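Structure data follow from data_13.txt (compact mmCIF, C-alpha atoms):
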```txt
# COMPACT_ATOMS: atom_id res chain seq x y z
CA MET S 12 17.99 19.73 -14.67
CA GLN S 13 15.09 22.10 -14.19
CA VAL S 14 11.79 20.44 -13.46
CA THR S 15 8.23 21.71 -13.21
CA LEU S 16 6.28 20.07 -10.42
CA LYS S 17 2.52 20.23 -10.91
CA ILE S 18 1.15 19.39 -7.47
CA GLN S 19 -2.45 18.91 -6.46
CA ARG S 20 -3.18 21.17 -3.48
CA PHE S 21 -6.14 21.05 -1.11
CA ASN S 22 -6.61 22.78 2.22
CA PRO S 23 -10.01 21.82 3.67
CA GLU S 24 -9.99 24.93 5.86
CA LYS S 25 -10.23 27.25 2.87
CA ASP S 26 -10.62 25.29 -0.39
CA GLN S 27 -13.90 24.04 -1.81
CA LYS S 28 -12.12 21.53 -4.05
CA PRO S 29 -8.57 20.50 -5.00
CA GLN S 30 -6.59 22.79 -7.28
CA TRP S 31 -3.22 22.68 -9.04
CA ALA S 32 -0.05 24.61 -8.26
CA GLU S 33 3.20 24.60 -10.25
CA TYR S 34 6.73 24.98 -8.91
CA GLN S 35 10.08 25.19 -10.69
CA VAL S 36 12.96 23.36 -9.02
CA ASP S 37 16.56 22.64 -9.98
CA VAL S 38 17.53 19.05 -9.25
CA GLU S 39 20.17 16.52 -10.08
CA PRO S 40 19.04 13.70 -12.38
CA THR S 41 19.79 11.22 -9.59
CA ASP S 42 17.76 13.12 -7.01
CA ARG S 43 14.54 11.49 -5.90
CA LEU S 44 11.13 13.06 -6.20
CA LEU S 45 11.12 13.33 -2.42
CA ASP S 46 14.16 15.60 -2.68
CA ALA S 47 12.28 17.82 -5.14
CA LEU S 48 9.28 18.01 -2.82
CA HIS S 49 11.62 19.03 -0.01
CA LEU S 50 12.97 21.85 -2.17
CA VAL S 51 9.44 23.14 -2.63
CA LYS S 52 8.51 22.87 1.03
CA TRP S 53 11.76 24.22 2.46
CA TYR S 54 12.45 27.04 0.01
CA GLN S 55 9.26 27.97 -1.85
CA ASP S 56 6.07 27.06 0.00
CA GLY S 57 6.19 25.83 3.57
CA THR S 58 2.45 25.11 3.56
CA LEU S 59 2.87 22.09 1.26
CA ALA S 60 1.89 18.94 3.16
CA PHE S 61 3.09 15.40 2.46
CA ARG S 62 4.16 12.40 4.51
CA ARG S 63 7.68 10.98 4.65
CA SER S 64 9.76 9.20 7.25
CA CYS S 65 12.59 6.79 6.47
CA ALA S 66 13.16 8.04 2.90
CA HIS S 67 14.52 4.60 1.94
CA GLY S 68 11.47 2.74 0.64
CA VAL S 69 10.86 0.86 3.87
CA CYS S 70 8.16 2.76 5.79
CA GLY S 71 5.83 3.36 2.83
CA SER S 72 4.63 6.69 4.19
CA ASP S 73 5.36 8.75 1.04
CA ALA S 74 3.20 6.76 -1.39
CA MET S 75 1.50 9.10 -3.86
CA THR S 76 0.33 9.23 -7.46
CA ILE S 77 3.27 10.32 -9.62
CA ASN S 78 2.61 10.90 -13.33
CA SER S 79 -0.61 8.90 -12.88
CA VAL S 80 1.19 5.91 -11.32
CA ASN S 81 1.23 5.02 -7.61
CA ARG S 82 4.83 5.06 -6.41
CA LEU S 83 6.99 5.96 -3.42
CA ALA S 84 8.44 9.45 -3.77
CA CYS S 85 11.65 8.28 -2.10
CA LYS S 86 12.27 5.53 -4.66
CA VAL S 87 11.66 7.23 -8.00
CA LEU S 88 14.51 9.22 -9.55
CA MET S 89 13.98 12.51 -11.33
CA ASN S 90 15.66 11.29 -14.51
CA GLU S 91 12.88 8.69 -14.78
CA LEU S 92 10.13 11.32 -14.67
CA GLY S 93 11.10 13.95 -17.23
CA SER S 94 10.96 17.73 -17.01
CA LYS S 95 7.30 17.98 -16.01
CA VAL S 96 6.01 15.89 -13.13
CA THR S 97 2.43 15.63 -11.90
CA VAL S 98 1.98 14.71 -8.24
CA GLU S 99 -1.34 13.81 -6.65
CA PRO S 100 -2.45 12.13 -3.40
CA LEU S 101 -3.35 8.44 -3.46
CA ARG S 102 -6.72 8.02 -5.13
CA GLY S 103 -9.69 6.58 -3.31
CA PHE S 104 -8.79 7.91 0.14
CA PRO S 105 -10.18 11.07 1.79
CA ILE S 106 -7.71 13.97 1.49
CA VAL S 107 -6.54 15.45 4.78
CA LYS S 108 -4.41 18.14 3.15
CA ASP S 109 -2.50 18.32 -0.14
CA LEU S 110 -0.73 14.96 -0.59
CA VAL S 111 -1.75 13.62 2.83
CA VAL S 112 -4.69 11.20 2.83
CA ASP S 113 -6.68 9.63 5.65
CA MET S 114 -5.37 6.06 5.95
CA GLU S 115 -7.64 5.03 8.81
CA PRO S 116 -10.19 3.24 6.54
CA PHE S 117 -7.24 1.34 5.05
CA PHE S 118 -6.03 0.22 8.47
CA VAL S 119 -9.54 -0.77 9.55
CA LYS S 120 -9.47 -3.34 6.72
CA TYR S 121 -5.94 -4.37 7.71
CA ARG S 122 -7.01 -5.01 11.30
CA SER S 123 -10.07 -6.97 10.17
CA VAL S 124 -7.96 -9.81 8.72
CA LYS S 125 -6.04 -10.38 11.98
CA ALA S 126 -2.59 -9.87 10.49
CA TYR S 127 -0.78 -11.35 13.47
CA PHE S 128 0.04 -14.83 14.78
CA VAL S 129 -2.92 -16.77 16.18
CA THR S 130 -2.19 -19.92 18.19
CA TYR S 131 -4.38 -21.99 20.50
CA GLU S 132 -1.92 -24.55 21.80
CA PRO S 133 0.32 -23.87 24.81
CA ASP S 134 3.65 -22.29 23.94
CA PRO S 135 6.22 -24.99 23.11
CA PRO S 136 9.35 -25.28 25.25
CA VAL S 137 11.46 -24.24 22.25
CA GLU S 138 10.85 -22.01 19.22
CA ARG S 139 8.41 -23.16 16.57
CA TYR S 140 10.57 -24.71 13.87
CA GLN S 141 9.90 -24.12 10.21
CA SER S 142 11.56 -25.62 7.16
CA GLN S 143 12.99 -23.49 4.37
CA GLU S 144 10.20 -24.72 2.10
CA GLU S 145 7.54 -23.73 4.62
CA ARG S 146 9.08 -20.28 4.98
CA ALA S 147 9.34 -19.83 1.22
CA ARG S 148 5.60 -20.54 0.88
CA PHE S 149 4.69 -17.05 2.08
CA ASP S 150 7.95 -15.20 1.53
CA ASP S 151 6.61 -12.84 -1.15
CA THR S 152 3.84 -11.41 1.01
CA THR S 153 6.16 -10.68 3.94
CA LYS S 154 7.52 -7.77 1.88
CA CYS S 155 4.37 -5.63 2.23
CA ILE S 156 5.02 -2.25 3.89
CA LEU S 157 1.36 -1.15 4.06
CA CYS S 158 1.92 1.89 1.85
CA GLY S 159 -1.56 1.58 0.32
CA ALA S 160 -0.33 1.95 -3.28
CA CYS S 161 -1.92 -1.31 -4.41
CA THR S 162 -5.30 -0.62 -2.81
CA SER S 163 -5.39 2.92 -4.20
CA SER S 164 -4.71 1.60 -7.71
CA CYS S 165 -7.57 -0.91 -7.62
CA PRO S 166 -10.72 -0.12 -9.66
CA SER S 167 -12.72 -2.53 -7.47
CA PHE S 168 -11.77 -0.37 -4.47
CA TRP S 169 -12.68 2.81 -6.33
CA GLY S 170 -16.11 1.36 -7.05
CA ASN S 171 -16.74 -0.04 -3.58
CA ARG S 172 -14.94 1.36 -0.54
CA ASP S 173 -16.19 -1.59 1.52
CA TYR S 174 -13.86 -3.90 -0.43
CA VAL S 175 -11.22 -5.18 1.97
CA GLY S 176 -8.56 -4.34 -0.63
CA PRO S 177 -5.40 -5.97 -2.00
CA ALA S 178 -3.11 -4.93 0.86
CA ALA S 179 -5.29 -6.52 3.54
CA ILE S 180 -5.52 -9.74 1.51
CA VAL S 181 -1.74 -9.77 1.10
CA GLN S 182 -1.35 -9.39 4.86
CA ALA S 183 -3.84 -12.20 5.47
CA HIS S 184 -2.00 -14.41 2.97
CA ARG S 185 1.24 -13.95 4.87
CA PHE S 186 -0.30 -15.60 7.98
CA ILE S 187 -2.76 -18.02 6.35
CA PHE S 188 0.10 -19.87 4.68
CA ASP S 189 2.45 -19.73 7.67
CA SER S 190 2.78 -23.26 9.08
CA ARG S 191 3.14 -21.89 12.63
CA ASP S 192 -0.19 -20.04 12.60
CA GLN S 193 -3.58 -21.52 13.58
CA GLY S 194 -5.90 -18.65 12.68
CA ALA S 195 -6.43 -19.34 8.97
CA ASN S 196 -10.13 -20.16 9.33
CA GLU S 197 -10.82 -16.87 11.11
CA ARG S 198 -9.19 -14.89 8.32
CA LEU S 199 -10.88 -16.93 5.60
CA GLU S 200 -14.21 -16.22 7.26
CA VAL S 201 -13.56 -12.50 6.79
CA LEU S 202 -12.29 -12.88 3.23
CA ASN S 203 -15.05 -15.24 2.06
CA ASP S 204 -17.43 -12.33 1.60
CA ARG S 205 -18.80 -10.28 -1.28
CA ASP S 206 -16.46 -7.49 -0.17
CA GLY S 207 -13.59 -9.90 0.46
CA VAL S 208 -11.43 -11.69 -2.10
CA TRP S 209 -14.38 -12.20 -4.45
CA ARG S 210 -14.56 -8.47 -5.12
CA CYS S 211 -11.19 -8.74 -6.92
CA ARG S 212 -11.61 -8.75 -10.71
CA THR S 213 -7.99 -9.70 -11.50
CA ILE S 214 -7.13 -6.42 -13.20
CA PHE S 215 -3.45 -6.55 -12.12
CA ASN S 216 -3.20 -2.80 -11.33
CA CYS S 217 -2.03 -3.74 -7.84
CA VAL S 218 0.97 -5.67 -9.18
CA GLY S 219 2.28 -2.70 -11.16
CA ALA S 220 1.70 -0.31 -8.27
CA CYS S 221 3.50 -2.31 -5.58
CA PRO S 222 6.90 -0.71 -4.80
CA ARG S 223 8.12 -4.00 -3.31
CA GLU S 224 7.25 -5.97 -6.47
CA ILE S 225 4.89 -8.34 -4.65
CA ASP S 226 2.80 -10.50 -6.96
CA VAL S 227 -0.39 -9.27 -5.32
CA THR S 228 -2.82 -10.82 -7.80
CA ARG S 229 -1.21 -14.23 -7.39
CA ALA S 230 -1.56 -13.98 -3.60
CA ILE S 231 -5.24 -13.08 -3.93
CA GLY S 232 -5.72 -16.00 -6.33
CA GLU S 233 -4.12 -18.40 -3.86
CA VAL S 234 -6.54 -17.30 -1.14
CA LYS S 235 -9.47 -17.76 -3.55
CA LYS S 236 -8.22 -21.24 -4.44
CA LEU S 237 -7.91 -22.15 -0.77
CA LEU S 238 -11.49 -21.08 -0.15
CA LEU S 239 -12.77 -23.02 -3.14
CA PHE S 240 -10.90 -26.30 -2.76
CA ASN S 241 -8.96 -26.72 0.45
CA ARG S 242 -10.68 -24.75 3.15
CA MET S 243 -10.11 -26.10 6.65
CA VAL S 244 -13.43 -25.92 8.53
```

I need this file expressed as structure tokens, please.
Amino acid sequence: MQVTLKIQRFNPEKDQKPQWAEYQVDVEPTDRLLDALHLVKWYQDGTLAFRRSCAHGVCGSDAMTINSVNRLACKVLMNELGSKVTVEPLRGFPIVKDLVVDMEPFFVKYRSVKAYFVTYEPDPPVERYQSQEERARFDDTTKCILCGACTSSCPSFWGNRDYVGPAAIVQAHRFIFDSRDQGANERLEVLNDRDGVWRCRTIFNCVGACPREIDVTRAIGEVKKLLLFNRMV
């Protein structure tokens, strides 16, 4: 199938603002959009910039806005997109070049919620045991790959870049509800802020954007509920 890729281009060294470029590529229906982008970069325009690494939906580096929806270029097939495909960088982040955005503000928010194990007791002589039920309590939020698709799809984030964002809350949820962790209060202190979980307006864009099908809004709601009713102080 022949496909027209309409790609947003921006080179800060010479462009005043983003502009559009179109490329014709021949692809198989079962090719991924990432394959089509490779055809452009390798055979038509080597200046095209985009991120990719594992190409298997695990690293999250090739998240971009595809036909107005945030998706991973390595997971979406060409036969799902049609003969004309619009590709843009993730919205809400500063553009470095073309489809590459500056993720540092995103990772600042991620680091702020202490998304790692916090313990204050001496290490036990054996591993910290956990029941299947305890593990299942936070299983959904362990799937996050920090691609930024959910945060970039969030109108609350568009309106206020100080909002910690859905991805950071998902990462906090993963440790707050882990029975082996003792840092829940520290994370809740960060999230109990006007730019924390309360900035979420329950619009559900994040759920549709997540390539790992995490129920992001539910996770945010569970953190809100914990703050309202069961906070450990």

Legend entry - Residues near Val87 of chain S, cut-off 10 Å, only C-alpha atoms, skip fewer than 2 positions along chain, as a PyMOL selection string: chain S and resi 41-45+68+77+82-85+89-92+222

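Atom pair atom CA of Val124 of chain S / atom CA of Arg63 of chain S has a distance of 26.3 Å (rounded to one decimal).
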
Contact residues around segment 115-122 of chain S with only C-alpha atoms at 10 Å, ignoring same-chain residues under 2 positions, as a compact mmCIF listing (two decimals) with C-alpha atoms, in the frame of the given file:
```txt
# COMPACT_ATOMS: atom_id res chain seq x y z
CA PHE S 104 -8.79 7.91 0.14
CA PRO S 105 -10.18 11.07 1.79
CA VAL S 112 -4.69 11.20 2.83
CA ASP S 113 -6.68 9.63 5.65
CA VAL S 124 -7.96 -9.81 8.72
CA LYS S 125 -6.04 -10.38 11.98
CA ALA S 126 -2.59 -9.87 10.49
CA TYR S 127 -0.78 -11.35 13.47
CA LEU S 157 1.36 -1.15 4.06
CA CYS S 158 1.92 1.89 1.85
CA GLY S 159 -1.56 1.58 0.32
CA THR S 162 -5.30 -0.62 -2.81
CA SER S 163 -5.39 2.92 -4.20
CA ARG S 172 -14.94 1.36 -0.54
CA ASP S 173 -16.19 -1.59 1.52
CA TYR S 174 -13.86 -3.90 -0.43
CA VAL S 175 -11.22 -5.18 1.97
CA GLY S 176 -8.56 -4.34 -0.63
CA PRO S 177 -5.40 -5.97 -2.00
CA ALA S 178 -3.11 -4.93 0.86
CA ALA S 179 -5.29 -6.52 3.54
CA ILE S 180 -5.52 -9.74 1.51
CA VAL S 181 -1.74 -9.77 1.10
CA GLN S 182 -1.35 -9.39 4.86
CA ALA S 183 -3.84 -12.20 5.47
CA GLY S 207 -13.59 -9.90 0.46
```

Return as JSON the centre and edge lengths, in Å with one decimal, of the box along x, y and z that encloses every atom of segment 74-87 of chain S in the file, padded by 5 Å per side.
```
{"center_x": 5.8, "center_y": 8.0, "center_z": -7.4, "size_x": 22.9, "size_y": 15.9, "size_z": 21.9}
```

Legend entry - Nearest candidate to Thr130 of chain S (options S:Lys154, S:Arg191, S:His184, S:Lys108; using only C-alpha atoms): S:Arg191

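Shortest atom-to-atom contact with Gly219 of chain S among S:Ile231, S:Met114, S:Cys155, S:Val80: S:Val80, counting all atoms listed in the file.
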
Legend entry - Contact residues around Ile225 of chain S with only C-alpha atoms at 10 Å, ignoring same-chain residues under 3 positions, as an NGL selection string: :S and (150-155 or 161 or 181 or 217-222 or 228-230)

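Here atom CA of Ile106 of chain S is placed at a distance of 19.9 Å from atom CA of Cys70 of chain S.
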
Legend entry - Residue contacts of Pro100 of chain S (8 Å, all atoms listed in the file) excluding same-chain residues fewer than 3 positions away, as a VMD selection string: chain S and resid 19 75 to 76 106 109 to 112

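Using only C-alpha atoms, the smallest distance between any of S:Gly57, S:Gly103, S:Gly71, S:Pro29 and Phe168 of chain S comes from S:Gly103.
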
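Candidate residues S:Thr58, S:Asn216, S:Asn196, S:Asn22 were compared for distance to Ser167 of chain S, and the nearest is S:Asn216, using only C-alpha atoms.
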
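Note that atom CA of Val234 of chain S and atom CA of Glu138 of chain S are 27.2 Å apart.
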
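Neighbouring residues of Leu50 of chain S at 9 Å or closer, counting all atoms listed in the file and skipping chain neighbours under 5 positions away, are Val36, Asp37, Val38, Leu45, Gln55 and Asp56 of chain S.
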
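With all atoms listed in the file as the atoms that count, the minimum distance from Val14 of chain S to the choices S:Glu197, S:Ser94, S:Phe240, S:Glu39 is reached by S:Ser94.
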
Inset, instruction - Give as a ChimeraX atom specification the set of residues within 6 Å of the point (11.0, 22.5, -5.7), where distances use the file's coordinates and only C-alpha atoms. - result: /S:34-36,47-48,50-51

Can you build me a table of segment 146-210 of chain S residues sitting at most 10 Å from segment 131-136 of chain S, with the closest atom pair per residue and its distance in Å to one decimal, using all atoms listed in the file, sorted by chain and residue number, as JSON lines?
```
{"residue": "S:Asp192", "atom": "CA", "partner": "S:Tyr131", "partner_atom": "CA", "distance": 9.2}
{"residue": "S:Gln193", "atom": "CA", "partner": "S:Tyr131", "partner_atom": "CA", "distance": 7.0}
{"residue": "S:Gly194", "atom": "CA", "partner": "S:Tyr131", "partner_atom": "CA", "distance": 8.6}
```
